[in-house]
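S.K.: One structure, pasted below without further comment.
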2 protein chains.
Amino acid sequence: MPRVLVVGGVAAGMSAASQVRRRKPDWEVVVLERGPHVSYGACGLPYNIADPRRSVEDLVVLTAEEARRTRGITVRAGHEVTALETASRTLRVRDLADCRDHELTYDALVLATGASPVRPEIPGLDLPGVFFLRDLRDGAAVKAHLAAARPGRAVVVGGGYVGLEMAEAFAARGLSVTVLEKLDQLAPGHAPEIARLVRAELAAKGVTVHTGASVLAVEGRSFADDARDGDRLRVQADVGVFPAGLVLVSVGVRPNVALARAAGLAIGETGAVAVDASMRTSAPAVFAAGDCAEALHLVTGRPAWIPLGTTANKQGKVAGANAAGGSESFGGIVGTAVFRVFELEVGRTGLCPAGARRAGLDAVAVASTHRSRGHAFPGGSEVTTVLVVERGTGRLLGAQVAGREGVKGRVDVLATALLARMTLEQVEGLDLAYAPPLAPVHDPILIAASVARKALSRG
Amino acid sequence: MPRVLVVGGVAAGMSAASQVRRRKPDWEVVVLERGPHVSYGACGLPYNIADPRRSVEDLVVLTAEEARRTRGITVRAGHEVTALETASRTLRVRDLADCRDHELTYDALVLATGASPVRPEIPGLDLPGVFFLRDLRDGAAVKAHLAAARPGRAVVVGGGYVGLEMAEAFAARGLSVTVLEKLDQLAPGHAPEIARLVRAELAAKGVTVHTGASVLAVEGRSFADDARDGDRLRVQADVGVFPAGLVLVSVGVRPNVALARAAGLAIGETGAVAVDASMRTSAPAVFAAGDCAEALHLVTGRPAWIPLGTTANKQGKVAGANAAGGSESFGGIVGTAVFRVFELEVGRTGLCPAGARRAGLDAVAVASTHRSRGHAFPGGSEVTTVLVVERGTGRLLGAQVAGREGVKGRVDVLATALLARMTLEQVEGLDLAYAPPLAPVHDPILIAASVARKALSRG
């Protein structure tokens, strides 16, 4: 009976295993997961942390036991894969419970090892009260610390979307929150017009923000000394010293490719595992999917690494299907993502101007702001749209949208337009829905396209 | 100095006039409007009627005086155009203030005569307390009646989206509301799965609904007898007798083409004025735009008549540009629309199964229901998606979406996919945004595409 092994049991890994099972009811499917949990929605962590009544286990979609019982998938949590030998199709696996190693052979292998938080070279990041956010255990540790140490102040290092969502979560828990971002704006990769809205939203909600702020060290005594004295840490930065009872470091993630690299698999320019559209790696019968793998970017036509849960699930499904002998392919990505911080929703798709330049495209970004609802309809707000357009052709290359309602829908429309390789003129001609409570008669997307077209025609 | 005349001063007409002015600052631009108001958002009427503190004048975007002062457009409200002679390029115009006629010649003419409510052949529709909803005057009359007669019960005849929005408005004003719809479902043209949701929403909000209900007559005494006794009407229907103090009849609209027809302009199969992509009619120098005109339907490739404010504004702009000597064209429509009734949002785009059949397409509709937010994120609801797909090719032909959040965005994505002539497989591969508060990791659209693809492959 053929055996498919899956390394990593979160989004891509569980999607792959389920797909194998669906296609080959009699094959053996084993998922090896280093952590104690499988199949959870890590993106929900900030919202879970915001609510002390919820357990992080709420985020588990399917337990190991349920996976076995309902899907016939063997899940070995607490099993770390330490080596892969592609010639003999063998994995070396360590049971973390007893630290004993064993070997497993496979007929097909899916690597879904995910990504891990970047650990910057800053002294003091091992202190109690300093956290990274990778998996449910980290979330549980943050919640336990909030409950036990009762910190009054939190410092979030990193102003990307995870850092911002965590800033909101800490504010919801009643902490005073400071965000320190090394770059000169929050939400790096977003247009300055959008970043300003993010900053204003944080300010309005009482979160202190320092951009262009480098953290030099975290100092403090052990919390074990006196668990009730909350704010025992000090974050030393070039812009000041910030006392804190909790420090969350969120300065980006890197693909987990050590296993693949050691096994000699091709690693792409992006640093993630190189794959083709069938999710095959450079080694026979070895597939990779999710945050450890690259994806074809449909705007540049080149491999990209944009780790997102949506892509992980889709790639996992394709990898699983093909590991089971299928012939599916993953169409690629345009890098569509959205986050919410307090009441502001921020979405993006495709390239930012810097990304377009890196791809050798002559791009211009045009921002415009319009109302979210119909004329005279009460309660509307403003929607800011940034369109990134190729000069000359007028082709849409990317977009960013921020506002208090309807952002995801608008960024999704622009993502669909990107996939269809539409020009600004085609975007301006889109037939979008109108009703006074939900949009103005001229949708902000259409006005943004018109404004951008005029800006381009002026040069 | 060339003169452009525009007949009709609401969405299409004012867009056309503004466009002429922008392109030809020294031309004469005259808008002739039968009613007292120009440039208003008629779609906002139900929401305005719901709020006794607001005046219907709130819905005016630009008054005649503002149009003159800020845009240099002459607006003659209260002027009805009674005849068009294309050979001599002459309009016969009646000033409704003094009933005197005069003639005006034009170098270019834009017909933007709009649409009017269908008046069914039912006795008693002229009684006081019975209303149709066409323009701001009708809205003001309804509000005046609500204030003066203080009706306790309203009957809405017609369960299309205007009827439903008005049912909500009357409920908001504290009336007991009954909706009578002749067909066997509310929201005609929508899938039965969607219509059931609409009906459930009305029931949950205390609105009584009868479908398959023909109104035979409206009876009553004059309100002048006793303005304080609210419910003086009786609606006789085949399903019962319904006392009411207010009856709103909303059983569809027809294009206002009498002027065009009498002038010998070509009228299309749909009953609206035939136009080409430049919005030219069959007569030289005569353009038509908005609710009186046809539009190219991009799914069928044939002319359609789907009167919507969005289309009116776009067509008006193209008609105006070309009346001013430009060479713009209107790309066409896919018939995207959305409405909200109480807390339910309902959107549609493209063809329904019956429309596909009429267009000679072999279509199937597949409905599916999914969550609106991420796993374990609180407060989500359900989104129902109906995809209409061509058998064999798998091409998307239309879609309907209903739910409590995110409906407009999803219907807009599907409208964009229709314009790009995407197949179900391409829709399933769309890269849509995910964040737990705003969507599940598998967007309802993507799951709906997957479900429909499986249904189709089973035949």
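Here's how to read the names in the structure tokens: chain A, B, ... by the order shown, residue numbers from 1 in each chain, ligand numbers from 1 in the order shown.
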Using only C-alpha atoms, find the residues of chain B whose closest atom to chain A is at most 8 Å away, then write them as a VMD selection string.

M.R.: chain B and resid 41 43 to 44 47 58 to 59 61 309 to 311 330 to 331 333 to 340 347 374 to 377 406 408 to 413 415 to 417 419 to 420 429 to 438 441 to 442

S.K.: Please dump the current selection as an mmCIF file, in the first residue's frame; keep C-alpha atoms.

M.R.:
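selection.cif, written as the output of this step:
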```cif
data_model
loop_
_atom_site.group_PDB
_atom_site.id
_atom_site.type_symbol
_atom_site.label_atom_id
_atom_site.label_comp_id
_atom_site.auth_asym_id
_atom_site.auth_seq_id
_atom_site.Cartn_x
_atom_site.Cartn_y
_atom_site.Cartn_z
ATOM 1 C CA GLY B 41 -30.331 60.176 -6.427
ATOM 2 C CA CYS B 43 -32.276 55.244 -5.394
ATOM 3 C CA GLY B 44 -32.021 56.992 -2.053
ATOM 4 C CA TYR B 47 -34.048 55.537 2.917
ATOM 5 C CA ASP B 58 -31.439 66.059 0.541
ATOM 6 C CA LEU B 59 -31.224 63.716 -2.420
ATOM 7 C CA VAL B 61 -26.851 66.451 -5.819
ATOM 8 C CA GLY B 309 -28.247 54.376 -11.981
ATOM 9 C CA THR B 310 -24.723 53.119 -12.545
ATOM 10 C CA THR B 311 -25.323 52.484 -16.233
ATOM 11 C CA PHE B 330 -19.634 52.589 -23.671
ATOM 12 C CA GLY B 331 -18.256 49.129 -23.088
ATOM 13 C CA ILE B 333 -23.012 45.928 -18.998
ATOM 14 C CA VAL B 334 -23.355 42.656 -17.193
ATOM 15 C CA GLY B 335 -26.350 43.836 -15.165
ATOM 16 C CA THR B 336 -24.759 44.089 -11.738
ATOM 17 C CA ALA B 337 -27.053 45.297 -8.969
ATOM 18 C CA VAL B 338 -27.389 45.027 -5.228
ATOM 19 C CA PHE B 339 -30.093 45.909 -2.744
ATOM 20 C CA ARG B 340 -30.477 45.656 0.984
ATOM 21 C CA GLY B 347 -26.692 41.110 -5.249
ATOM 22 C CA GLY B 374 -12.954 33.023 9.506
ATOM 23 C CA HIS B 375 -13.086 29.823 11.509
ATOM 24 C CA ALA B 376 -13.818 30.547 15.166
ATOM 25 C CA PHE B 377 -14.184 34.278 14.540
ATOM 26 C CA GLY B 406 -19.685 41.335 2.127
ATOM 27 C CA LYS B 408 -21.574 43.746 -2.780
ATOM 28 C CA GLY B 409 -17.873 42.905 -2.864
ATOM 29 C CA ARG B 410 -18.554 39.312 -3.813
ATOM 30 C CA VAL B 411 -21.033 40.163 -6.527
ATOM 31 C CA ASP B 412 -18.575 42.729 -7.874
ATOM 32 C CA VAL B 413 -15.827 40.099 -8.038
ATOM 33 C CA ALA B 415 -19.142 40.759 -12.274
ATOM 34 C CA THR B 416 -15.451 41.326 -12.966
ATOM 35 C CA ALA B 417 -15.024 37.616 -13.692
ATOM 36 C CA LEU B 419 -16.402 40.744 -17.946
ATOM 37 C CA ALA B 420 -13.179 38.747 -18.223
ATOM 38 C CA GLY B 429 -8.382 29.977 -8.781
ATOM 39 C CA LEU B 430 -8.969 33.641 -7.901
ATOM 40 C CA ASP B 431 -6.573 35.025 -5.317
ATOM 41 C CA LEU B 432 -8.984 36.681 -2.878
ATOM 42 C CA ALA B 433 -8.168 38.357 0.406
ATOM 43 C CA TYR B 434 -8.522 36.689 3.780
ATOM 44 C CA ALA B 435 -8.602 37.951 7.340
ATOM 45 C CA PRO B 436 -10.671 36.301 10.071
ATOM 46 C CA PRO B 437 -12.974 39.300 10.723
ATOM 47 C CA LEU B 438 -13.727 39.745 7.032
ATOM 48 C CA VAL B 441 -9.708 31.405 4.403
ATOM 49 C CA HIS B 442 -11.699 29.760 1.609
#
```

S.K.: Which residues are near Ala272 in chain B? Cut-off 7 Å, only C-alpha atoms, ignore same chain within fewer than 6 positions. Put them as a PDB file with C-alpha atoms, in the first residue's frame.

M.R.:
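Result went into result-v1.pdb, see below:
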```
ATOM      1  CA  PRO B 255     -38.577  53.047 -20.619  1.00  0.00           C
ATOM      2  CA  VAL B 257     -39.746  56.209 -25.329  1.00  0.00           C
ATOM      3  CA  CYS B 292     -34.630  55.062 -21.768  1.00  0.00           C
ATOM      4  CA  ALA B 293     -31.848  53.356 -23.731  1.00  0.00           C
ATOM      5  CA  GLU B 294     -30.580  49.870 -24.364  1.00  0.00           C
ATOM      6  CA  TRP B 305     -32.558  46.876 -21.032  1.00  0.00           C
TER       7      TRP B 305
END
```

S.K.: Enumerate, as a list in words, the complete set of residues in range 260-403 of chain A that a backbone-based DSSP assignment places in helix (DSSP H, G or I).

M.R.: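 Taking range 260-403 of chain A and keeping helix (DSSP H, G or I) only, one gets Ala260, Arg261, Ala262, Gly290, Asp291, Cys292, Gly309, Thr310, Thr311, Ala312, Asn313, Lys314, Gln315, Gly316, Lys317, Val318, Ala319, Gly320, Ala321, Asn322, Ala323, Pro353, Ala354, Gly355, Ala356, Arg357 and Arg358 of chain A.
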
S.K.: For the residues selected in the previous step, produce a file with C-alpha atoms as a PDB file, in the first residue's frame.

M.R.:
```
ATOM      1  CA  ALA A 260      14.733  20.896   2.192  1.00  0.00           C
ATOM      2  CA  ARG A 261      18.067  22.632   1.865  1.00  0.00           C
ATOM      3  CA  ALA A 262      19.950  19.898   3.706  1.00  0.00           C
ATOM      4  CA  GLY A 290       2.377  26.641   1.745  1.00  0.00           C
ATOM      5  CA  ASP A 291       4.593  29.095   3.574  1.00  0.00           C
ATOM      6  CA  CYS A 292       7.798  27.114   2.853  1.00  0.00           C
ATOM      7  CA  GLY A 309      -3.089  31.075   4.532  1.00  0.00           C
ATOM      8  CA  THR A 310      -5.152  31.291   1.358  1.00  0.00           C
ATOM      9  CA  THR A 311      -2.237  30.256  -0.833  1.00  0.00           C
ATOM     10  CA  ALA A 312      -1.170  27.556   1.632  1.00  0.00           C
ATOM     11  CA  ASN A 313      -4.557  25.867   1.494  1.00  0.00           C
ATOM     12  CA  LYS A 314      -4.711  25.958  -2.290  1.00  0.00           C
ATOM     13  CA  GLN A 315      -1.138  24.781  -2.798  1.00  0.00           C
ATOM     14  CA  GLY A 316      -1.626  22.011  -0.238  1.00  0.00           C
ATOM     15  CA  LYS A 317      -4.645  20.766  -2.128  1.00  0.00           C
ATOM     16  CA  VAL A 318      -2.715  20.654  -5.412  1.00  0.00           C
ATOM     17  CA  ALA A 319       0.332  19.038  -3.801  1.00  0.00           C
ATOM     18  CA  GLY A 320      -1.870  16.388  -2.170  1.00  0.00           C
ATOM     19  CA  ALA A 321      -3.758  15.705  -5.372  1.00  0.00           C
ATOM     20  CA  ASN A 322      -0.535  15.199  -7.291  1.00  0.00           C
ATOM     21  CA  ALA A 323       1.109  13.185  -4.514  1.00  0.00           C
ATOM     22  CA  PRO A 353       5.671  50.581  -6.915  1.00  0.00           C
ATOM     23  CA  ALA A 354       8.967  49.225  -5.506  1.00  0.00           C
ATOM     24  CA  GLY A 355       7.956  45.686  -6.440  1.00  0.00           C
ATOM     25  CA  ALA A 356       7.100  46.815  -9.944  1.00  0.00           C
ATOM     26  CA  ARG A 357      10.501  48.488 -10.267  1.00  0.00           C
ATOM     27  CA  ARG A 358      12.220  45.315  -9.080  1.00  0.00           C
TER      28      ARG A 358
END
```

S.K.: In terms of the shortest atom-to-atom distance over only C-alpha atoms, which of B:Val110, B:Ser278, B:Ser250, B:Ser18 is closest to Glu165 in chain B?

M.R.: B:Ser250

S.K.: Quick one: of A:Leu248, A:Val38, A:Val30, A:Ala213, who's nearest to Lys182 in chain A, counting only C-alpha atoms?

M.R.: A:Ala213

S.K.: Residues near Ser214 in chain A, anyone? I mean within 7 Å using only C-alpha atoms, not counting same-chain ones fewer than 2 positions away, as a list in words.

M.R.: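 Listing them by chain and then by number gives Lys182, Gly212, Leu216, Ala237 and Asp238 of chain A.
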
S.K.: Would you mind exporting N, CA, C and O atoms of the selected residues as a compact mmCIF listing (two decimals), in the first residue's frame?

M.R.:
```txt
# COMPACT_ATOMS: atom_id res chain seq x y z
N LYS A 182 10.89 49.85 12.62
CA LYS A 182 12.21 50.28 12.17
C LYS A 182 12.13 51.17 10.93
O LYS A 182 12.89 52.12 10.79
N GLY A 212 10.75 54.61 12.27
CA GLY A 212 12.18 54.88 12.22
C GLY A 212 12.84 54.60 13.56
O GLY A 212 13.79 55.27 13.96
N LEU A 216 17.34 48.47 20.50
CA LEU A 216 18.74 48.12 20.76
C LEU A 216 18.84 46.94 21.71
O LEU A 216 19.74 46.11 21.59
N ALA A 237 15.43 51.67 22.87
CA ALA A 237 15.42 51.94 21.43
C ALA A 237 16.16 53.25 21.18
O ALA A 237 16.44 53.99 22.12
N ASP A 238 16.49 53.49 19.92
CA ASP A 238 17.20 54.75 19.64
C ASP A 238 16.27 55.95 19.79
O ASP A 238 16.75 57.08 19.84
```

S.K.: Taking 6 positions as the minimum chain separation for residues in the same chain, which residues sit within 9 Å of Arg302 in chain A when counting only C-alpha atoms? Answer as a short mmCIF file (atom, residue, chain, number, x, y, z; two decimals) with all heavy atoms, in the first residue's frame.

M.R.:
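Everything below was put into part-v2.cif:
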```cif
data_model
loop_
_atom_site.label_atom_id
_atom_site.label_comp_id
_atom_site.auth_asym_id
_atom_site.auth_seq_id
_atom_site.Cartn_x
_atom_site.Cartn_y
_atom_site.Cartn_z
N ALA A 295 5.59 30.62 -5.11
CA ALA A 295 4.40 30.55 -5.97
C ALA A 295 4.65 31.46 -7.16
O ALA A 295 5.36 32.47 -7.05
CB ALA A 295 3.16 30.99 -5.21
N LEU A 296 4.07 31.10 -8.28
CA LEU A 296 4.19 31.94 -9.46
C LEU A 296 3.37 33.21 -9.27
O LEU A 296 2.17 33.14 -9.01
CB LEU A 296 3.66 31.17 -10.68
CG LEU A 296 3.65 31.95 -11.99
CD1 LEU A 296 5.07 32.25 -12.46
CD2 LEU A 296 2.87 31.18 -13.06
N ALA A 359 10.68 44.33 -10.67
CA ALA A 359 10.30 43.43 -11.76
C ALA A 359 10.57 44.06 -13.12
O ALA A 359 10.21 43.50 -14.15
CB ALA A 359 8.82 43.06 -11.64
#
```

S.K.: Can you pull out every residue within 9 Å of range 168-179 of chain A, counting only C-alpha atoms, but drop anything in the same chain fewer than 2 positions away, and send it as a PyMOL selection string?

M.R.: chain A and resi 46-52+146+151-159+163-166+181+202+205-211+242+244+341-342

S.K.: Let me make sure I understand: among B:Asp138, B:Glu328, B:Glu269, B:Glu382, which one has the smallest atom-to-atom distance to Ala402 in chain B if we use only C-alpha atoms?

M.R.: B:Glu382

S.K.: Tell me which of A:Leu84, A:Leu387, A:Ala141, A:Val235 sits closest to Pro123 in chain A, counting only C-alpha atoms.

M.R.: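 Among the listed residues, A:Val235 lies closest to Pro123 in chain A.
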
S.K.: Just to confirm, what's the straight-line distance from CA of Glu201 in chain A to CA of Ala167 in chain A in Å (one decimal)?

M.R.: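 Interatomic distance here is 11.7 Å.
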